[in-house]
>>> print(open('upload-v9.cif').read())   # mmCIF, C-alpha atoms and all ligand atoms
data_my_file
loop_
_atom_site.label_atom_id
_atom_site.label_comp_id
_atom_site.auth_asym_id
_atom_site.auth_seq_id
_atom_site.Cartn_x
_atom_site.Cartn_y
_atom_site.Cartn_z
CA MET A 1 105.36 76.46 104.13
CA SER A 2 107.15 73.77 106.09
CA GLN A 3 110.31 72.22 104.67
CA HIS A 4 109.69 69.80 101.80
CA ILE A 5 110.77 66.34 102.93
CA LYS A 6 110.55 63.98 100.02
CA LEU A 7 108.67 60.83 101.02
CA PHE A 8 110.00 57.40 100.13
CA ILE A 9 107.62 55.85 102.64
CA PRO A 10 104.92 53.55 101.24
CA GLY A 11 102.15 56.06 101.52
CA PRO A 12 101.47 58.86 101.39
CA ILE A 13 104.19 59.28 98.80
CA GLU A 14 105.69 62.20 96.94
CA VAL A 15 103.14 64.14 94.87
CA SER A 16 104.39 65.99 91.79
CA GLU A 17 104.07 69.75 91.34
CA LYS A 18 101.84 69.15 88.33
CA THR A 19 99.46 66.98 90.36
CA LEU A 20 99.41 69.47 93.22
CA ARG A 21 98.56 72.29 90.85
CA ALA A 22 95.71 70.26 89.38
CA PHE A 23 94.52 69.32 92.88
CA SER A 24 94.16 72.96 93.83
CA SER A 25 91.94 73.90 90.86
CA PRO A 26 88.89 76.08 91.62
CA MET A 27 85.86 74.28 93.05
CA LEU A 28 82.78 73.26 91.11
CA GLY A 29 79.27 72.56 92.33
CA HIS A 30 79.11 68.78 92.57
CA ARG A 31 75.65 68.72 90.96
CA SER A 32 76.72 70.91 88.04
CA LYS A 33 77.17 69.92 84.40
CA ASP A 34 80.82 70.95 84.66
CA PHE A 35 81.37 68.46 87.45
CA GLN A 36 79.59 65.72 85.51
CA ALA A 37 81.89 66.45 82.57
CA LEU A 38 84.95 66.28 84.81
CA TYR A 39 83.79 62.95 86.32
CA ALA A 40 83.06 61.57 82.84
CA SER A 41 86.50 62.65 81.64
CA VAL A 42 88.24 60.63 84.35
CA GLU A 43 86.22 57.43 84.51
CA PRO A 44 87.29 55.84 81.17
CA GLY A 45 90.99 56.19 81.99
CA LEU A 46 90.38 54.50 85.33
CA GLN A 47 88.36 51.72 83.71
CA LYS A 48 91.43 51.10 81.58
CA LEU A 49 93.64 50.83 84.67
CA PHE A 50 91.12 48.55 86.37
CA TYR A 51 90.81 46.59 83.10
CA THR A 52 87.04 46.66 83.40
CA LYS A 53 83.84 47.63 81.61
CA GLN A 54 82.15 48.11 84.99
CA PRO A 55 81.79 51.64 86.35
CA VAL A 56 84.55 52.96 88.59
CA PHE A 57 83.49 54.75 91.78
CA PHE A 58 85.03 57.56 93.81
CA SER A 59 84.71 57.43 97.56
CA THR A 60 85.73 60.46 99.57
CA SER A 61 87.42 58.45 102.29
CA SER A 62 90.68 56.70 102.72
CA ALA A 63 90.87 53.11 101.50
CA TRP A 64 89.56 51.79 104.80
CA GLY A 65 86.20 53.37 104.12
CA VAL A 66 85.68 51.11 101.13
CA MET A 67 87.34 48.15 102.86
CA GLU A 68 84.80 48.40 105.67
CA GLY A 69 81.99 49.38 103.30
CA ALA A 70 82.58 46.34 101.09
CA LEU A 71 82.00 44.06 104.09
CA ARG A 72 78.75 45.87 104.87
CA ASN A 73 77.62 45.50 101.25
CA VAL A 74 78.26 41.83 100.61
CA VAL A 75 78.69 39.74 103.76
CA SER A 76 75.56 38.02 105.05
CA LYS A 77 76.91 34.65 106.19
CA LYS A 78 80.59 34.68 107.03
CA VAL A 79 83.68 36.34 105.63
CA LEU A 80 87.10 34.73 105.26
CA ASN A 81 89.87 37.25 105.91
CA CYS A 82 93.21 36.25 104.40
CA MET A 83 95.83 37.53 106.84
CA ASN A 84 99.54 37.97 106.14
CA GLY A 85 100.43 41.42 107.45
CA ALA A 86 99.21 44.48 109.31
CA PHE A 87 96.54 45.64 106.84
CA SER A 88 95.09 42.21 106.12
CA ASP A 89 95.12 41.32 109.84
CA LYS A 90 93.24 44.51 110.56
CA TRP A 91 90.53 43.62 108.04
CA PHE A 92 89.54 40.66 110.23
CA ASP A 93 89.25 42.99 113.21
CA VAL A 94 87.13 45.41 111.16
CA ALA A 95 84.81 42.58 110.06
CA THR A 96 84.10 41.59 113.65
CA ARG A 97 83.66 45.24 114.65
CA CYS A 98 80.99 45.46 111.94
CA GLY A 99 79.24 42.54 113.63
CA LYS A 100 80.07 40.14 110.80
CA GLN A 101 80.84 36.47 111.31
CA ALA A 102 84.49 36.14 110.31
CA ASP A 103 87.24 33.57 110.18
CA SER A 104 90.85 33.88 109.17
CA LEU A 105 93.34 32.27 106.86
CA LYS A 106 96.50 33.23 108.67
CA VAL A 107 100.03 32.89 107.38
CA GLU A 108 103.28 34.23 108.75
CA TRP A 109 104.12 37.87 107.95
CA GLY A 110 106.31 38.06 104.86
CA LYS A 111 104.59 35.11 103.20
CA PRO A 112 102.00 35.36 100.44
CA ILE A 113 98.53 33.84 100.48
CA LEU A 114 98.71 30.73 98.29
CA PRO A 115 95.97 29.18 96.14
CA GLU A 116 95.90 25.80 97.90
CA GLN A 117 95.48 27.51 101.28
CA LEU A 118 92.56 29.55 99.96
CA ASP A 119 91.00 26.49 98.37
CA ALA A 120 91.16 24.49 101.60
CA LYS A 121 89.25 27.23 103.45
CA LEU A 122 86.63 27.88 100.79
CA LYS A 123 85.99 24.17 100.37
CA THR A 124 84.31 24.17 103.79
CA GLY A 125 81.39 26.07 102.27
CA GLU A 126 81.22 28.29 105.33
CA PHE A 127 81.85 31.57 103.53
CA ASP A 128 79.97 33.97 101.30
CA ALA A 129 82.82 36.49 101.04
CA VAL A 130 86.61 36.66 101.18
CA THR A 131 89.04 39.53 101.63
CA ILE A 132 92.50 39.49 100.07
CA ILE A 133 95.21 42.11 100.11
CA HIS A 134 97.14 41.82 96.89
CA ASN A 135 100.23 43.69 98.04
CA GLU A 136 100.78 43.64 101.81
CA THR A 137 102.40 47.03 102.27
CA SER A 138 103.55 46.22 105.80
CA THR A 139 105.70 43.25 104.72
CA GLY A 140 106.36 43.84 101.02
CA ALA A 141 104.79 40.49 100.12
CA MET A 142 102.65 40.28 97.00
CA SER A 143 100.20 37.41 96.70
CA PRO A 144 99.72 35.65 93.34
CA ILE A 145 96.38 37.22 92.47
CA TYR A 146 95.93 35.41 89.13
CA GLU A 147 96.37 32.02 90.82
CA LEU A 148 94.10 33.02 93.69
CA ALA A 149 91.45 34.19 91.23
CA GLU A 150 91.53 30.77 89.61
CA VAL A 151 90.54 29.25 92.94
CA LEU A 152 87.89 31.91 93.50
CA ARG A 153 86.24 31.04 90.17
CA LYS A 154 85.51 27.56 91.60
CA TYR A 155 83.29 29.20 94.23
CA PRO A 156 80.85 31.47 92.43
CA ASP A 157 78.76 32.03 95.57
CA VAL A 158 81.70 33.65 97.35
CA ILE A 159 82.12 37.39 96.78
CA SER A 160 85.79 38.35 96.56
CA ILE A 161 87.03 41.71 97.83
CA VAL A 162 90.54 42.56 96.70
CA ASP A 163 92.62 45.43 98.06
CA THR A 164 95.13 46.79 95.53
CA VAL A 165 95.93 49.93 97.51
CA SER A 166 99.70 49.78 97.01
CA SER A 167 99.87 47.84 93.74
CA PHE A 168 97.21 49.43 91.51
CA SER A 169 98.80 50.77 88.30
CA ALA A 170 102.22 49.38 89.27
CA LEU A 171 101.45 46.15 87.42
CA PRO A 172 98.39 44.88 85.54
CA ILE A 173 95.53 43.65 87.73
CA GLU A 174 92.76 42.84 85.28
CA PHE A 175 89.45 43.01 87.12
CA ASP A 176 87.16 41.57 84.42
CA LYS A 177 89.56 38.84 83.39
CA LEU A 178 90.25 37.82 86.99
CA GLY A 179 86.52 37.58 87.64
CA ILE A 180 86.86 39.13 91.09
CA ASP A 181 83.97 41.08 92.60
CA VAL A 182 85.21 44.16 94.39
CA MET A 183 88.57 45.80 93.74
CA LEU A 184 89.64 48.92 95.54
CA THR A 185 92.59 51.24 95.76
CA GLY A 186 93.60 54.45 97.49
CA THR A 187 95.01 57.59 95.92
CA GLN A 188 98.04 58.29 98.13
CA LYS A 189 100.07 55.18 97.29
CA ALA A 190 100.84 53.81 93.84
CA LEU A 191 98.89 56.62 92.13
CA ALA A 192 100.96 59.35 93.82
CA LEU A 193 98.04 61.66 94.59
CA PRO A 194 97.17 63.32 97.87
CA PRO A 195 95.27 61.11 100.35
CA GLY A 196 91.51 61.37 100.75
CA THR A 197 89.86 59.39 97.97
CA ALA A 198 89.44 55.67 97.36
CA LEU A 199 88.57 54.19 93.97
CA PHE A 200 86.71 50.95 93.47
CA THR A 201 84.81 48.80 91.04
CA VAL A 202 82.11 46.19 91.62
CA SER A 203 80.98 43.14 89.62
CA GLU A 204 77.33 42.52 88.69
CA LYS A 205 77.38 39.57 91.06
CA ALA A 206 78.43 41.80 93.95
CA PHE A 207 75.78 44.41 93.08
CA ALA A 208 73.17 41.65 93.11
CA LYS A 209 74.40 40.44 96.49
CA ALA A 210 74.40 43.98 97.89
CA ALA A 211 70.78 44.40 96.81
CA THR A 212 69.84 41.53 99.16
CA ILE A 213 71.55 43.11 102.18
CA LYS A 214 69.36 45.36 104.29
CA ASP A 215 71.81 47.05 106.63
CA ARG A 216 74.50 48.13 104.19
CA GLY A 217 74.24 51.73 105.36
CA TYR A 218 74.39 54.82 103.16
CA TYR A 219 77.84 56.37 102.79
CA PHE A 220 79.45 53.30 101.20
CA ASP A 221 76.34 51.78 99.66
CA PHE A 222 77.36 50.26 96.32
CA ILE A 223 73.84 50.59 94.91
CA GLU A 224 73.82 54.29 95.77
CA PHE A 225 77.21 54.73 94.05
CA ARG A 226 75.94 52.98 90.96
CA LYS A 227 72.74 55.02 90.77
CA ASN A 228 74.65 58.32 91.08
CA GLY A 229 77.45 57.13 88.83
CA GLU A 230 74.99 56.63 85.99
CA SER A 231 74.75 60.43 85.78
CA SER A 232 78.46 60.95 86.52
CA MET A 233 77.89 61.97 90.11
CA THR A 234 78.77 60.76 93.58
CA PRO A 235 76.20 60.11 96.36
CA SER A 236 77.53 62.99 98.49
CA THR A 237 79.93 65.90 98.01
CA PRO A 238 83.23 64.42 96.85
CA SER A 239 86.77 65.69 97.20
CA ILE A 240 86.64 67.64 93.95
CA GLY A 241 90.37 68.31 93.93
CA HIS A 242 90.94 64.59 93.51
CA PHE A 243 89.05 64.56 90.21
CA TYR A 244 91.34 67.23 88.81
CA ALA A 245 94.38 65.45 90.21
CA LEU A 246 93.24 62.13 88.75
CA LYS A 247 92.73 63.74 85.37
CA SER A 248 96.26 65.10 85.48
CA LYS A 249 97.65 61.73 86.62
CA LEU A 250 95.85 59.83 83.87
CA GLU A 251 97.44 62.18 81.33
CA ASP A 252 100.84 61.43 82.85
CA ILE A 253 100.24 57.68 82.68
CA GLU A 254 99.06 57.96 79.08
CA ALA A 255 102.15 60.02 78.18
CA GLU A 256 104.54 57.55 79.80
CA GLY A 257 102.74 54.54 78.36
CA ILE A 258 101.27 51.96 80.70
CA ASP A 259 103.77 49.25 79.76
CA ASN A 260 106.65 51.64 80.39
CA ARG A 261 105.11 52.43 83.76
CA TYR A 262 104.96 48.74 84.66
CA ALA A 263 108.54 48.21 83.44
CA ARG A 264 109.76 51.19 85.49
CA HIS A 265 108.25 49.67 88.64
CA GLN A 266 109.94 46.33 87.91
CA ALA A 267 113.28 48.06 87.36
CA ASN A 268 112.97 50.09 90.59
CA ALA A 269 112.11 46.97 92.56
CA LYS A 270 114.99 44.98 91.06
CA LEU A 271 117.47 47.76 91.77
CA THR A 272 116.33 48.13 95.38
CA ARG A 273 116.34 44.40 96.09
CA GLU A 274 119.82 44.01 94.59
CA TRP A 275 121.09 46.96 96.56
CA ALA A 276 119.74 45.48 99.81
CA LYS A 277 121.30 42.07 99.21
CA SER A 278 124.63 43.49 98.06
CA ARG A 279 124.91 45.47 101.32
CA GLY A 280 124.34 42.36 103.45
CA PHE A 281 120.67 42.92 104.20
CA GLU A 282 117.96 40.38 103.45
CA LEU A 283 114.50 40.79 101.99
CA PHE A 284 111.65 40.33 104.42
CA ALA A 285 109.15 38.91 101.92
CA GLN A 286 109.48 35.37 100.65
CA ASP A 287 111.47 34.90 97.43
CA GLY A 288 109.31 35.01 94.34
CA TYR A 289 106.59 37.01 96.10
CA GLN A 290 108.27 40.36 96.59
CA SER A 291 106.34 43.50 95.88
CA VAL A 292 107.05 45.60 92.79
CA SER A 293 106.06 48.85 94.48
CA LEU A 294 108.04 48.77 97.71
CA THR A 295 110.84 46.76 99.30
CA CYS A 296 110.68 45.65 102.89
CA VAL A 297 114.29 45.10 104.01
CA LYS A 298 115.12 42.81 106.91
CA ASN A 299 117.56 44.65 109.15
CA ALA A 300 120.13 41.84 109.17
CA LEU A 301 122.98 44.32 109.80
CA ASN A 302 121.26 45.64 112.88
CA ILE A 303 121.54 49.25 111.79
CA ASP A 304 119.98 52.05 113.79
CA VAL A 305 116.93 52.68 111.61
CA PRO A 306 115.66 55.81 113.40
CA LYS A 307 119.15 57.33 113.10
CA LEU A 308 119.31 56.46 109.41
CA ASN A 309 116.03 58.20 108.88
CA SER A 310 116.91 61.30 110.86
CA ASP A 311 120.20 61.54 108.91
CA LEU A 312 118.36 61.16 105.61
CA LYS A 313 116.02 63.90 106.68
CA SER A 314 118.65 66.38 107.78
CA LYS A 315 121.21 65.68 105.04
CA TYR A 316 119.04 64.85 102.06
CA SER A 317 115.54 66.12 102.93
CA CYS A 318 113.96 62.74 102.42
CA MET A 319 112.57 59.86 104.43
CA ILE A 320 112.14 56.13 104.18
CA ASP A 321 109.95 54.08 106.50
CA GLY A 322 111.21 52.54 109.72
CA GLY A 323 109.05 49.40 109.58
CA TYR A 324 105.40 48.80 110.38
CA GLY A 325 103.77 47.44 113.52
CA LYS A 326 105.43 44.46 115.11
CA ILE A 327 108.36 44.51 112.63
CA LYS A 328 109.29 48.15 113.21
CA GLY A 329 113.08 48.47 113.50
CA ALA A 330 113.55 44.81 112.57
CA THR A 331 112.76 45.94 109.03
CA PHE A 332 112.66 49.15 107.06
CA ARG A 333 110.74 49.91 103.90
CA ILE A 334 111.69 51.77 100.77
CA SER A 335 108.86 52.86 98.51
CA HIS A 336 109.61 52.96 94.78
CA MET A 337 106.07 53.43 93.53
CA GLY A 338 104.29 56.35 91.90
CA ASP A 339 106.38 58.69 89.79
CA GLU A 340 109.85 57.62 90.96
CA SER A 341 112.34 57.17 88.17
CA THR A 342 115.05 54.56 88.42
CA GLU A 343 117.53 57.46 88.53
CA ASN A 344 115.78 58.82 91.64
CA ILE A 345 115.89 55.45 93.34
CA LYS A 346 119.61 55.12 92.53
CA LYS A 347 120.16 58.52 94.11
CA LEU A 348 118.19 57.56 97.20
CA LEU A 349 120.16 54.32 97.63
CA GLY A 350 123.37 56.35 97.37
CA TRP A 351 122.14 58.67 100.11
CA ILE A 352 121.30 55.68 102.30
CA ASP A 353 124.81 54.30 101.70
CA ASP A 354 126.26 57.60 102.73
CA CYS A 355 124.20 57.72 105.95
CA LEU A 356 125.09 54.11 106.75
CA LYS A 357 128.80 54.91 106.48
CA ALA A 358 128.28 57.30 109.36
CA GLN A 359 127.10 54.28 111.35
CA GLY A 360 130.18 52.31 110.31
CA LYS A 361 128.07 49.91 108.22
C1 LIG B 1 97.70 51.99 103.22
C2 LIG B 1 96.94 50.74 103.01
C3 LIG B 1 95.61 50.60 103.44
C4 LIG B 1 94.91 51.66 104.21
O1 LIG B 1 94.72 52.79 103.46
P1 LIG B 1 94.09 54.13 104.08
O2 LIG B 1 94.06 54.96 102.87
O3 LIG B 1 95.02 54.59 105.14
O4 LIG B 1 92.75 53.78 104.60
C5 LIG B 1 94.97 49.43 103.15
N1 LIG B 1 95.55 48.44 102.49
C6 LIG B 1 96.81 48.52 102.08
C7 LIG B 1 97.42 47.38 101.34
C8 LIG B 1 97.55 49.67 102.32
O5 LIG B 1 98.81 49.75 101.89
#
>>> encode(input="upload-v9.cif", output="structure tokens")
Amino acid sequence: MSQHIKLFIPGPIEVSEKTLRAFSSPMLGHRSKDFQALYASVEPGLQKLFYTKQPVFFSTSSAWGVMEGALRNVVSKKVLNCMNGAFSDKWFDVATRCGKQADSLKVEWGKPILPEQLDAKLKTGEFDAVTIIHNETSTGAMSPIYELAEVLRKYPDVISIVDTVSSFSALPIEFDKLGIDVMLTGTQKALALPPGTALFTVSEKAFAKAATIKDRGYYFDFIEFRKNGESSMTPSTPSIGHFYALKSKLEDIEAEGIDNRYARHQANAKLTREWAKSRGFELFAQDGYQSVSLTCVKNALNIDVPKLNSDLKSKYSCMIDGGYGKIKGATFRISHMGDESTENIKKLLGWIDDCLKAQGK
């Protein structure tokens, strides 16, 4: 086995021994009763985390599969892509690559998407769908999803697709109460599982819209997922290990208590932000809209980020992230999602301090 480098990058993140053991359970036939029982044992716990009575689906793909699939399922007129970072910007590109009419609501990286901006765009009546990334992992900015949902409720003909890849289970995002239409997440970020599965849920309104769309394909077809889901099965062979791993993770979440989990994420975020500011760094995301699951630090001290990371790796067998896309090096990101205790984050920040001393910072 290669050396274990503990990942404090915002995905994939560290996976516990317990989860890994569960992930490597023996295989089952995916049309067997045992598999159906396993599926049925996981779905209710996920419905709780999604805060929904709708079925939850399992896509054997990374999150992008469902992000692209959602566009194919619900967009017939024109989609509005809210853009404020690398992942949300990419969604616009993906929409046009799928041959969809698309327009953007673009704000500067580090800023959230705000309700009045969304309202101004939707008011035009041009759109039948909108994509929003709740927590822009590239910038550490978290958009006010409850306020955005209030705007969305004014436009019942617009199907909303919300990405919660790096925020799901780190704070409450109540699908039914929000009244949003598609909500998706990945497994390798806030849930601290191996990569390879995406989870999503779909409103009745979005199912009805999908039924009117002829070229929605097969692999990500929402109607196909629903039909199979009714007998606790997936349309095609799923990553079975993920079901075992999810079962194990849901037990962990239950044991910790969901409110304790949320509070732990808040505490980790607060600690990391305060550390950054006390060392003379700044936060990249706008005040009041900083993510609870990761911190994107503006490199105001002009440290050598690649050197910091190679020192962390050789001295402490861990890694942070050196910044994403066009803000690589100008920022660095510390992930404090998943299973990380506040004690672990304190330790990590101490290690970073130690490595920065070597740079005279
Ligand atoms: C990581 C990430 C994605 C992409 O996820 P994949 O699993 O790599 O497809 C999408 N959205 C957000 C917010 C992310 O953080």
>>> atom_distance(input="upload-v9.cif", atom1="atom CA of Ala263 of chain A", atom2="atom CA of Thr342 of chain A")
10.4 Å
>>> closest_residue(input="upload-v9.cif", among="A:Arg72, A:His4, A:Lys249, A:Lys357", to="Gly217 of chain A", atoms="only C-alpha atoms")
A:Arg72
>>> closest_atom_pairs(input="upload-v9.cif", of="chain A", to="ligand LIG 1 (chain B)", cutoff="9 Å", atoms="all atoms listed in the file", output="CSV")
residue,atom,partner,partner_atom,distance
A:Pro10,CA,B:LIG1,O5,7.2
A:Gly11,CA,B:LIG1,C1,6.3
A:Pro12,CA,B:LIG1,C1,8.0
A:Ser61,CA,B:LIG1,O4,7.5
A:Ser62,CA,B:LIG1,O2,3.8
A:Ala63,CA,B:LIG1,O4,3.7
A:Trp64,CA,B:LIG1,O4,3.8
A:Gly65,CA,B:LIG1,O4,6.6
A:Val66,CA,B:LIG1,O4,8.3
A:Met67,CA,B:LIG1,C5,7.7
A:Ala86,CA,B:LIG1,C6,8.6
A:Phe87,CA,B:LIG1,N1,5.3
A:Ser88,CA,B:LIG1,N1,7.2
A:Trp91,CA,B:LIG1,C5,8.8
A:Ile133,CA,B:LIG1,C7,5.8
A:His134,CA,B:LIG1,C7,7.1
A:Asn135,CA,B:LIG1,C7,5.7
A:Glu136,CA,B:LIG1,C7,5.0
A:Thr137,CA,B:LIG1,O5,4.5
A:Ser138,CA,B:LIG1,O5,7.1
A:Asp163,CA,B:LIG1,N1,6.1
A:Thr164,CA,B:LIG1,C7,6.3
A:Val165,CA,B:LIG1,C7,4.8
A:Ser166,CA,B:LIG1,O5,5.0
A:Ser167,CA,B:LIG1,C7,8.0
A:Thr185,CA,B:LIG1,N1,7.9
A:Gly186,CA,B:LIG1,O2,5.4
A:Thr187,CA,B:LIG1,O2,7.5
A:Gln188,CA,B:LIG1,O2,7.0
A:Lys189,CA,B:LIG1,C1,7.1
A:Pro195,CA,B:LIG1,O2,6.8
A:Gly196,CA,B:LIG1,O2,7.2
A:Thr197,CA,B:LIG1,O2,7.8
A:Ala198,CA,B:LIG1,O2,7.2
>>> write_last_selection(input="upload-v9.cif", atoms="C-alpha atoms", output="PDB file, in the coordinates of the input")
ATOM      1  CA  PRO A  10     104.920  53.550 101.240  1.00  0.00           C
ATOM      2  CA  GLY A  11     102.150  56.060 101.520  1.00  0.00           C
ATOM      3  CA  PRO A  12     101.470  58.860 101.390  1.00  0.00           C
ATOM      4  CA  SER A  61      87.420  58.450 102.290  1.00  0.00           C
ATOM      5  CA  SER A  62      90.680  56.700 102.720  1.00  0.00           C
ATOM      6  CA  ALA A  63      90.870  53.110 101.500  1.00  0.00           C
ATOM      7  CA  TRP A  64      89.560  51.790 104.800  1.00  0.00           C
ATOM      8  CA  GLY A  65      86.200  53.370 104.120  1.00  0.00           C
ATOM      9  CA  VAL A  66      85.680  51.110 101.130  1.00  0.00           C
ATOM     10  CA  MET A  67      87.340  48.150 102.860  1.00  0.00           C
ATOM     11  CA  ALA A  86      99.210  44.480 109.310  1.00  0.00           C
ATOM     12  CA  PHE A  87      96.540  45.640 106.840  1.00  0.00           C
ATOM     13  CA  SER A  88      95.090  42.210 106.120  1.00  0.00           C
ATOM     14  CA  TRP A  91      90.530  43.620 108.040  1.00  0.00           C
ATOM     15  CA  ILE A 133      95.210  42.110 100.110  1.00  0.00           C
ATOM     16  CA  HIS A 134      97.140  41.820  96.890  1.00  0.00           C
ATOM     17  CA  ASN A 135     100.230  43.690  98.040  1.00  0.00           C
ATOM     18  CA  GLU A 136     100.780  43.640 101.810  1.00  0.00           C
ATOM     19  CA  THR A 137     102.400  47.030 102.270  1.00  0.00           C
ATOM     20  CA  SER A 138     103.550  46.220 105.800  1.00  0.00           C
ATOM     21  CA  ASP A 163      92.620  45.430  98.060  1.00  0.00           C
ATOM     22  CA  THR A 164      95.130  46.790  95.530  1.00  0.00           C
ATOM     23  CA  VAL A 165      95.930  49.930  97.510  1.00  0.00           C
ATOM     24  CA  SER A 166      99.700  49.780  97.010  1.00  0.00           C
ATOM     25  CA  SER A 167      99.870  47.840  93.740  1.00  0.00           C
ATOM     26  CA  THR A 185      92.590  51.240  95.760  1.00  0.00           C
ATOM     27  CA  GLY A 186      93.600  54.450  97.490  1.00  0.00           C
ATOM     28  CA  THR A 187      95.010  57.590  95.920  1.00  0.00           C
ATOM     29  CA  GLN A 188      98.040  58.290  98.130  1.00  0.00           C
ATOM     30  CA  LYS A 189     100.070  55.180  97.290  1.00  0.00           C
ATOM     31  CA  PRO A 195      95.270  61.110 100.350  1.00  0.00           C
ATOM     32  CA  GLY A 196      91.510  61.370 100.750  1.00  0.00           C
ATOM     33  CA  THR A 197      89.860  59.390  97.970  1.00  0.00           C
ATOM     34  CA  ALA A 198      89.440  55.670  97.360  1.00  0.00           C
TER      35      ALA A 198
END
>>> atom_distance(input="upload-v9.cif", atom1="atom CA of Leu246 of chain A", atom2="atom CA of Leu199 of chain A")
10.6 Å
>>> residues_around(input="upload-v9.cif", residues="Ile352 of chain A", least_positions_apart="5", cutoff="10 Å", atoms="only C-alpha atoms", output="list in words")
Leu308, Asn309, Asp311, Leu312, Tyr316, Met319, Ile320, Lys346, Lys347 and Lys357 of chain A
>>> closest_residue(input="upload-v9.cif", among="A:Thr201, A:Ser232, A:Thr272, A:Ser32", to="Gln54 of chain A", atoms="all atoms listed in the file")
A:Thr201
>>> atom_distance(input="upload-v9.cif", atom1="atom CA of Asp103 of chain A", atom2="atom CA of Phe220 of chain A")
23.0 Å
>>> closest_residue(input="upload-v9.cif", among="A:Thr331, A:Lys313, A:Ala269, A:Ser169", to="Gly45 of chain A", atoms="only C-alpha atoms")
A:Ser169
>>> residues_around(input="upload-v9.cif", residues="Cys98 of chain A", least_positions_apart="2", cutoff="10 Å", atoms="all atoms listed in the file", output="ChimeraX atom specification")
/A:68-69,71-72,92-96,100-101
